[in-house]
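Novice: Structure below; questions to follow.
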Amino acid sequence: MSVPVASSVPVASASPAGAGRSIERPRVLSGVQPTGALHLGNWLGAIRNWVALQSDHDTFFCVVDLHAITVPHQPERLAEDTLSTAALYLACGIDPQKATIFVQSHVSAHSELCWLLNCVTPLNWLERMIQFKEKAVKQGADVSAGLLDYPVLMAADILLYDADRVPVGEDQKQHLELARDIAQQRINARFASRDSAGQPIPILKVPQPLILKEGARVMSLTDGRSKMSKSDPNEGSRITLLDPAELITRKIKRAKTDPQMGLEFGNPERPEADNLLGLYALLAGRSREAAAAECGSMGWGSFKPLLAEATVAALAPLQARYHELRADPQHLGEVLSQGRERASAVAEATLERVRQALGFLASS
Ligand code: AQP
C-alpha cells in the first residue's frame with residue numbers, strides 16, 4: 001500500500017519562529033510514550049481529541065520513545081511497543097494525509113535541542129516538577145538523570161515544531177509552563193537579535209495550552225481515585241485498546257464497586273461510580289445526562305454487563321483496523337518514514353535558528 005505524499009514544509013533556517021509555514025492552520029504537537037499497551041485513558045483522554053483536531057489544525061503526533069526510557073524499560077519490547085502505538089494512532093482515526101505521524105527518536109533534532117535547552121535551564125526549575133517527585137519516589141536510588149530532564153525533552157519536542165497549541169491534561173500543565181518559560185525567558189529574552197526597528201526577533205515560538213472542552217480523565221478500574229495507567233503493575237486496573245472481548249468483560253466484572261445502588265456522577269464518596277458511568281457515556285455515545293438517567297437506578301449487577309457490551313462494541317472497529325495495519329508492515333513503515341521526513345524538515349529549521357542564536361560555528 002503506498003502512502004500519498006502530503007505537502008512539504010519549507011525549511012527556513014534563519015527565519016524567526018513560525019516563519020516559512022506553508023499552512024496557516026494553528027499547529028499542534030502531541031505524543032504518547034510507548035511504555036506498554038495503550039489503554040482507554042490514552043484513547044479517550046488524548047488520541048480521540050487529536051482525531052478531532054486534525055481537520056482544522058496542522059497536527060504533529062509522535063510516538064515519544066525517548067521519553068519511554070526515562071524509567072527502566074525492556075529493550076526487547078521498545079520497538080514493538082513503538083510500532084503498535086503508531087498503528088493504534090492510525091486505527092483510532094489519525095489520518096497520515098492530514099497529520100504528520102512519526103517516531104521521536106527518528107528525528108535527532110529532539111535530542112540535540114534538548115541538550116541546548118538543558119544548558120540554559122536552571123536545575124531548580126526541574127527539581128520542583130511534581131511528576132518528577134512522584135515518579136522519583138517509585139524509582140528510589142535508581143532514579144535517572146533522564147527522568148529529571150523529561151520536561152526539557154518535552155520542551156524540545158514542542159518548541160521544535162513552532163507549536164501554537166499543545167493539548168494538555170492537568171498532569172502536564174506544569175511541564176507546558178516550563179516549556180513556555182524556557183522559550184521566553186531563557187532563549188528569546190537572552191539571545192534574540194533585533195530588527196531594524198529595534199524589535200526582538202523571537203527565536204522560539206511560545207506555545208499556548210489547548211484546554212479541551214471535555215477532557216476525559218479515565219480512572220483505574222481497581223481504584224477510582226488514581227488514573228488508569230500503562231505502568232500500573234495490576235493489569236486488571238486498565239482496559240487496553242487491544243484486549244479481547246472476554247478479557248474486557250472479566251476486567252469490568254472485577255472492577256471495584258461500592259455497596260450503593262444506582263450509578264451517579266459527582267459524588268465524591270463514589271469515585272468508582274463516577275468513573276464507570278463516565279466511561280459508559282463516552283463508549284456508548286450517550287450524553288452524561290442520558291447515561292445518568294439510564295443507569296441512575298441500576299444495580300452494579302445490571303450495569304456492568306451493559307458497560308462491558310458498550311466497551312467491546314466501541315473497541316471492535318478499532319481493533320479490526322489495527323490488525324489490518326499490522327498485517328501490512330510496509331504501509332506502516334512508509335507512513336512513519338514520510339512522517340520523519342516532514343517532521344525533520346521543520347525541526348531542523350528550528351534547531352538551526354537556536355544553534356545560530358547560541359553562536360555555534362556553522363559546519364561547512
Ligand atoms: N487515565 C488517563 N485518562 C485520560 N488521559 C490519559 N492519558 C494518560 N492516561 C490517561 C493521556 O494520554 C496521553 C499520553 O500519555 P503518556 O503515555 O505520554 O504518559 P502518561 O500520561 O504517563 O500515561 P500513562 O498511561 O499513565 O503511562 P505511564 O504509565 O507509562 O506513565 C497524555 O495526553 C495523557 O494525558
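By order in the C-alpha cells, chains are A, B, ...; within a chain, residues start at 1; ligands start at 1, following the order shown.
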Show me which residues are within 7 Å of ligand 1 counting only C-alpha atoms and all ligand atoms, and format the list as a PyMOL selection string.
Specialist: chain A and resi 31-36+38-39+41-46+168-169+171-172+216-219+227-232
Novice: I'd like the neighbourhood of stretch 314-321 of chain A as a PDB file with N, CA, C and O atoms, in the first residue's frame, where a residue qualifies if any of its atoms comes within 8 Å (using only C-alpha atoms), though same-chain residues fewer than 2 positions away should be ignored.
Specialist:
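Just written: result_25.pdb:
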ATOM      1  N   LEU A  88      -1.821   2.114  16.435  1.00  0.00           N
ATOM      2  CA  LEU A  88      -3.052   2.495  17.149  1.00  0.00           C
ATOM      3  C   LEU A  88      -3.450   3.939  16.841  1.00  0.00           C
ATOM      4  O   LEU A  88      -4.632   4.258  16.781  1.00  0.00           O
ATOM      5  N   ALA A  91      -5.270   3.434  13.720  1.00  0.00           N
ATOM      6  CA  ALA A  91      -6.516   2.684  13.933  1.00  0.00           C
ATOM      7  C   ALA A  91      -7.567   3.551  14.631  1.00  0.00           C
ATOM      8  O   ALA A  91      -8.767   3.383  14.431  1.00  0.00           O
ATOM      9  N   CYS A  92      -7.114   4.490  15.459  1.00  0.00           N
ATOM     10  CA  CYS A  92      -8.065   5.384  16.159  1.00  0.00           C
ATOM     11  C   CYS A  92      -8.563   6.500  15.245  1.00  0.00           C
ATOM     12  O   CYS A  92      -9.414   7.288  15.639  1.00  0.00           O
ATOM     13  N   LEU A 241      -6.517  -1.122  24.607  1.00  0.00           N
ATOM     14  CA  LEU A 241      -7.301  -0.997  23.377  1.00  0.00           C
ATOM     15  C   LEU A 241      -7.337  -2.299  22.587  1.00  0.00           C
ATOM     16  O   LEU A 241      -8.173  -2.467  21.705  1.00  0.00           O
ATOM     17  N   LEU A 242      -6.425  -3.221  22.919  1.00  0.00           N
ATOM     18  CA  LEU A 242      -6.372  -4.482  22.175  1.00  0.00           C
ATOM     19  C   LEU A 242      -6.853  -5.670  23.009  1.00  0.00           C
ATOM     20  O   LEU A 242      -6.745  -6.814  22.574  1.00  0.00           O
ATOM     21  N   LEU A 283     -18.315   5.639  25.835  1.00  0.00           N
ATOM     22  CA  LEU A 283     -18.203   4.475  24.951  1.00  0.00           C
ATOM     23  C   LEU A 283     -19.522   4.132  24.257  1.00  0.00           C
ATOM     24  O   LEU A 283     -19.529   3.616  23.141  1.00  0.00           O
ATOM     25  N   ALA A 284     -20.631   4.442  24.921  1.00  0.00           N
ATOM     26  CA  ALA A 284     -21.937   4.154  24.304  1.00  0.00           C
ATOM     27  C   ALA A 284     -22.424   5.340  23.482  1.00  0.00           C
ATOM     28  O   ALA A 284     -23.507   5.278  22.889  1.00  0.00           O
ATOM     29  N   ALA A 310     -20.827  -2.163  25.813  1.00  0.00           N
ATOM     30  CA  ALA A 310     -20.525  -0.888  25.140  1.00  0.00           C
ATOM     31  C   ALA A 310     -19.026  -0.791  24.850  1.00  0.00           C
ATOM     32  O   ALA A 310     -18.615  -0.285  23.794  1.00  0.00           O
ATOM     33  N   THR A 311     -18.198  -1.285  25.770  1.00  0.00           N
ATOM     34  CA  THR A 311     -16.740  -1.194  25.592  1.00  0.00           C
ATOM     35  C   THR A 311     -16.305  -2.094  24.435  1.00  0.00           C
ATOM     36  O   THR A 311     -15.541  -1.670  23.559  1.00  0.00           O
ATOM     37  N   VAL A 312     -16.802  -3.323  24.438  1.00  0.00           N
ATOM     38  CA  VAL A 312     -16.439  -4.265  23.372  1.00  0.00           C
ATOM     39  C   VAL A 312     -16.879  -3.698  22.011  1.00  0.00           C
ATOM     40  O   VAL A 312     -16.113  -3.716  21.037  1.00  0.00           O
ATOM     41  N   HIS A 323      -5.444  -4.611  13.380  1.00  0.00           N
ATOM     42  CA  HIS A 323      -4.893  -5.878  12.882  1.00  0.00           C
ATOM     43  C   HIS A 323      -4.618  -5.803  11.371  1.00  0.00           C
ATOM     44  O   HIS A 323      -3.627  -6.349  10.895  1.00  0.00           O
ATOM     45  N   GLU A 324      -5.459  -5.072  10.651  1.00  0.00           N
ATOM     46  CA  GLU A 324      -5.191  -4.861   9.216  1.00  0.00           C
ATOM     47  C   GLU A 324      -3.871  -4.125   9.021  1.00  0.00           C
ATOM     48  O   GLU A 324      -3.061  -4.474   8.177  1.00  0.00           O
ATOM     49  N   LEU A 325      -3.678  -3.092   9.832  1.00  0.00           N
ATOM     50  CA  LEU A 325      -2.462  -2.276   9.705  1.00  0.00           C
ATOM     51  C   LEU A 325      -1.208  -3.084  10.034  1.00  0.00           C
ATOM     52  O   LEU A 325      -0.185  -2.974   9.364  1.00  0.00           O
TER      53      LEU A 325
END
Novice: For stretch 79-82 of chain A, find every residue with an atom within 12 Å (counting only C-alpha atoms), except residues of its own chain fewer than 5 positions away, and show them as a PyMOL selection string.
Specialist: chain A and resi 31-38+62-69+73-74+87-89+101-106+230+326+329+332-333+336
Novice: Compile the contact shell of A:Pro305 as a list of chain:residue names: residues with an atom at most 12 Å away, counting only C-alpha atoms, same-chain residues fewer than 5 positions apart removed.
Specialist: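 Skipping anything fewer than 5 positions along the chain leaves A:Ala245, A:Glu246, A:Ile248, A:Thr249, A:Arg250, A:Lys251, A:Ile252, A:Lys253, A:Arg254, A:Ala255, A:Leu276, A:Tyr280, A:Met298, A:Gly299, A:Trp300, A:Ala310, A:Thr311, A:Val312.
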Novice: Got a sec: who's within 8 Å of A:Ala357, counting only C-alpha atoms, leaving out chain neighbours fewer than 4 positions off, as number ranges by chain?
Specialist: A: 191-193, 203, 353
Novice: Go ahead and save the residues from that selection, with all heavy atoms, as a compact mmCIF listing (two decimals), in the first residue's frame.
Specialist:
# COMPACT_ATOMS: atom_id res chain seq x y z
N PHE A 191 18.75 35.69 23.85
CA PHE A 191 19.55 35.51 22.63
C PHE A 191 18.94 36.11 21.37
O PHE A 191 19.56 36.04 20.30
CB PHE A 191 19.79 34.00 22.38
CG PHE A 191 20.52 33.32 23.52
CD1 PHE A 191 19.84 32.48 24.40
CD2 PHE A 191 21.87 33.54 23.73
CE1 PHE A 191 20.50 31.86 25.45
CE2 PHE A 191 22.55 32.91 24.77
CZ PHE A 191 21.86 32.07 25.64
N ALA A 192 17.72 36.68 21.47
CA ALA A 192 17.09 37.20 20.24
C ALA A 192 17.89 38.38 19.69
O ALA A 192 18.35 39.23 20.46
CB ALA A 192 15.66 37.61 20.53
N SER A 193 18.03 38.43 18.37
CA SER A 193 18.61 39.63 17.75
C SER A 193 17.45 40.61 17.51
O SER A 193 16.29 40.29 17.81
CB SER A 193 19.31 39.26 16.45
OG SER A 193 18.39 38.59 15.62
N ILE A 203 13.17 33.70 18.64
CA ILE A 203 13.83 32.51 18.09
C ILE A 203 12.88 31.32 18.19
O ILE A 203 12.75 30.54 17.26
CB ILE A 203 15.12 32.23 18.90
CG1 ILE A 203 16.05 33.44 18.80
CG2 ILE A 203 15.83 30.97 18.41
CD1 ILE A 203 17.03 33.54 19.94
N ARG A 353 18.05 27.70 13.90
CA ARG A 353 17.88 29.04 14.48
C ARG A 353 18.50 29.11 15.86
O ARG A 353 19.14 30.10 16.23
CB ARG A 353 16.38 29.40 14.61
CG ARG A 353 15.66 29.71 13.34
CD ARG A 353 14.38 30.50 13.62
NE ARG A 353 13.49 29.90 14.58
CZ ARG A 353 12.52 29.01 14.29
NH1 ARG A 353 12.35 28.61 13.05
NH2 ARG A 353 11.75 28.53 15.24
Novice: Please measure the separation of atom CA of A:Pro26 and atom CA of A:Asp162, giving the value in Å to one decimal.
Specialist: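 Answer for the atom CA of A:Pro26 to atom CA of A:Asp162 separation: 9.7 Å.
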Novice: Tell me which protein, DNA and RNA residues are within 10 Å of stretch 134-151 of chain A, counting only C-alpha atoms, leaving out same-chain ones fewer than 2 positions away, and put them as number ranges by chain.
Specialist: A: 66-72, 114-115, 118, 121, 123, 125-132, 153-157, 172, 174-179
Novice: As a PDB file with C-alpha atoms, in the first residue's frame, please: every residue in stretch 34-169 of chain A that DSSP puts in alpha helix (DSSP H).
Specialist:
ATOM      1  CA  LEU A  40      -8.896   3.599  27.355  1.00  0.00           C
ATOM      2  CA  GLY A  41      -7.404   6.651  29.116  1.00  0.00           C
ATOM      3  CA  ASN A  42      -4.867   7.247  26.340  1.00  0.00           C
ATOM      4  CA  ARG A  48      -9.680  10.783  20.355  1.00  0.00           C
ATOM      5  CA  ASN A  49      -9.190  14.541  20.727  1.00  0.00           C
ATOM      6  CA  TRP A  50      -6.328  14.536  18.233  1.00  0.00           C
ATOM      7  CA  VAL A  51      -8.614  12.980  15.639  1.00  0.00           C
ATOM      8  CA  ALA A  52     -10.990  15.905  16.075  1.00  0.00           C
ATOM      9  CA  LEU A  53      -8.131  18.411  15.770  1.00  0.00           C
ATOM     10  CA  ASP A  65      10.148   6.695  22.584  1.00  0.00           C
ATOM     11  CA  LEU A  66      12.961   8.806  24.059  1.00  0.00           C
ATOM     12  CA  HIS A  67      10.643   9.629  26.953  1.00  0.00           C
ATOM     13  CA  ALA A  68       9.852   5.931  27.402  1.00  0.00           C
ATOM     14  CA  PRO A  75      14.786  -3.179  25.217  1.00  0.00           C
ATOM     15  CA  GLU A  76      13.182  -6.237  23.621  1.00  0.00           C
ATOM     16  CA  ARG A  77       9.745  -4.533  23.889  1.00  0.00           C
ATOM     17  CA  LEU A  78      10.579  -0.975  22.823  1.00  0.00           C
ATOM     18  CA  ALA A  79      10.479  -1.343  19.018  1.00  0.00           C
ATOM     19  CA  GLU A  80       7.286  -3.434  19.110  1.00  0.00           C
ATOM     20  CA  ASP A  81       5.580  -1.026  21.518  1.00  0.00           C
ATOM     21  CA  THR A  82       6.623   1.879  19.268  1.00  0.00           C
ATOM     22  CA  LEU A  83       5.125   0.227  16.185  1.00  0.00           C
ATOM     23  CA  SER A  84       1.970  -0.804  17.965  1.00  0.00           C
ATOM     24  CA  THR A  85       1.483   2.735  19.337  1.00  0.00           C
ATOM     25  CA  ALA A  86       1.881   4.195  15.838  1.00  0.00           C
ATOM     26  CA  ALA A  87      -0.548   1.614  14.419  1.00  0.00           C
ATOM     27  CA  LEU A  88      -3.052   2.495  17.149  1.00  0.00           C
ATOM     28  CA  TYR A  89      -2.819   6.191  16.213  1.00  0.00           C
ATOM     29  CA  LEU A  90      -3.937   5.199  12.719  1.00  0.00           C
ATOM     30  CA  ALA A  91      -6.516   2.684  13.933  1.00  0.00           C
ATOM     31  CA  ALA A 109      16.876  17.257  16.496  1.00  0.00           C
ATOM     32  CA  HIS A 110      14.842  16.293  19.610  1.00  0.00           C
ATOM     33  CA  SER A 111      17.927  15.076  21.455  1.00  0.00           C
ATOM     34  CA  GLU A 112      20.080  17.923  20.183  1.00  0.00           C
ATOM     35  CA  LEU A 113      17.687  20.725  21.089  1.00  0.00           C
ATOM     36  CA  CYS A 114      17.157  19.057  24.458  1.00  0.00           C
ATOM     37  CA  TRP A 115      20.894  19.391  25.153  1.00  0.00           C
ATOM     38  CA  LEU A 116      20.965  23.055  24.120  1.00  0.00           C
ATOM     39  CA  LEU A 117      17.937  23.786  26.319  1.00  0.00           C
ATOM     40  CA  ASN A 118      19.468  21.824  29.224  1.00  0.00           C
ATOM     41  CA  LEU A 123      18.277  22.878  37.791  1.00  0.00           C
ATOM     42  CA  ASN A 124      15.838  24.085  40.442  1.00  0.00           C
ATOM     43  CA  TRP A 125      13.120  24.534  37.787  1.00  0.00           C
ATOM     44  CA  LEU A 126      13.326  20.777  37.187  1.00  0.00           C
ATOM     45  CA  GLU A 127      13.600  19.759  40.816  1.00  0.00           C
ATOM     46  CA  ILE A 130       5.567  17.380  40.610  1.00  0.00           C
ATOM     47  CA  GLN A 131       5.667  14.465  38.166  1.00  0.00           C
ATOM     48  CA  PHE A 132       9.412  14.043  38.751  1.00  0.00           C
ATOM     49  CA  LYS A 133       8.908  13.997  42.510  1.00  0.00           C
ATOM     50  CA  GLU A 134       6.101  11.424  42.210  1.00  0.00           C
ATOM     51  CA  LYS A 135       7.924   9.125  39.776  1.00  0.00           C
ATOM     52  CA  ALA A 136      11.289   9.511  41.581  1.00  0.00           C
ATOM     53  CA  VAL A 137       9.758   8.152  44.777  1.00  0.00           C
ATOM     54  CA  LYS A 138       8.834   4.954  42.885  1.00  0.00           C
ATOM     55  CA  GLN A 139      12.386   4.594  41.456  1.00  0.00           C
ATOM     56  CA  ALA A 145      19.023  11.977  35.253  1.00  0.00           C
ATOM     57  CA  GLY A 146      16.767  11.386  32.230  1.00  0.00           C
ATOM     58  CA  LEU A 147      13.679  11.380  34.453  1.00  0.00           C
ATOM     59  CA  LEU A 148      14.671  14.751  35.905  1.00  0.00           C
ATOM     60  CA  ASP A 149      15.290  16.000  32.378  1.00  0.00           C
ATOM     61  CA  TYR A 150      11.984  14.673  30.987  1.00  0.00           C
ATOM     62  CA  PRO A 151      10.338  18.135  30.914  1.00  0.00           C
ATOM     63  CA  VAL A 152      13.264  19.669  28.982  1.00  0.00           C
ATOM     64  CA  LEU A 153      12.972  16.944  26.358  1.00  0.00           C
ATOM     65  CA  MET A 154       9.242  17.656  26.256  1.00  0.00           C
ATOM     66  CA  ALA A 155      10.014  21.364  25.811  1.00  0.00           C
ATOM     67  CA  ALA A 156      12.303  20.454  22.902  1.00  0.00           C
ATOM     68  CA  ASP A 157       9.532  18.316  21.346  1.00  0.00           C
ATOM     69  CA  ILE A 158       7.078  21.200  21.451  1.00  0.00           C
ATOM     70  CA  LEU A 159       9.405  24.072  20.573  1.00  0.00           C
ATOM     71  CA  LEU A 160      10.997  22.313  17.575  1.00  0.00           C
TER      72      LEU A 160
END
Novice: What separation in Å, quoted to one decimal, exists between atom CA of A:Leu247 and atom CA of A:Asn234?
Specialist: 14.0 Å
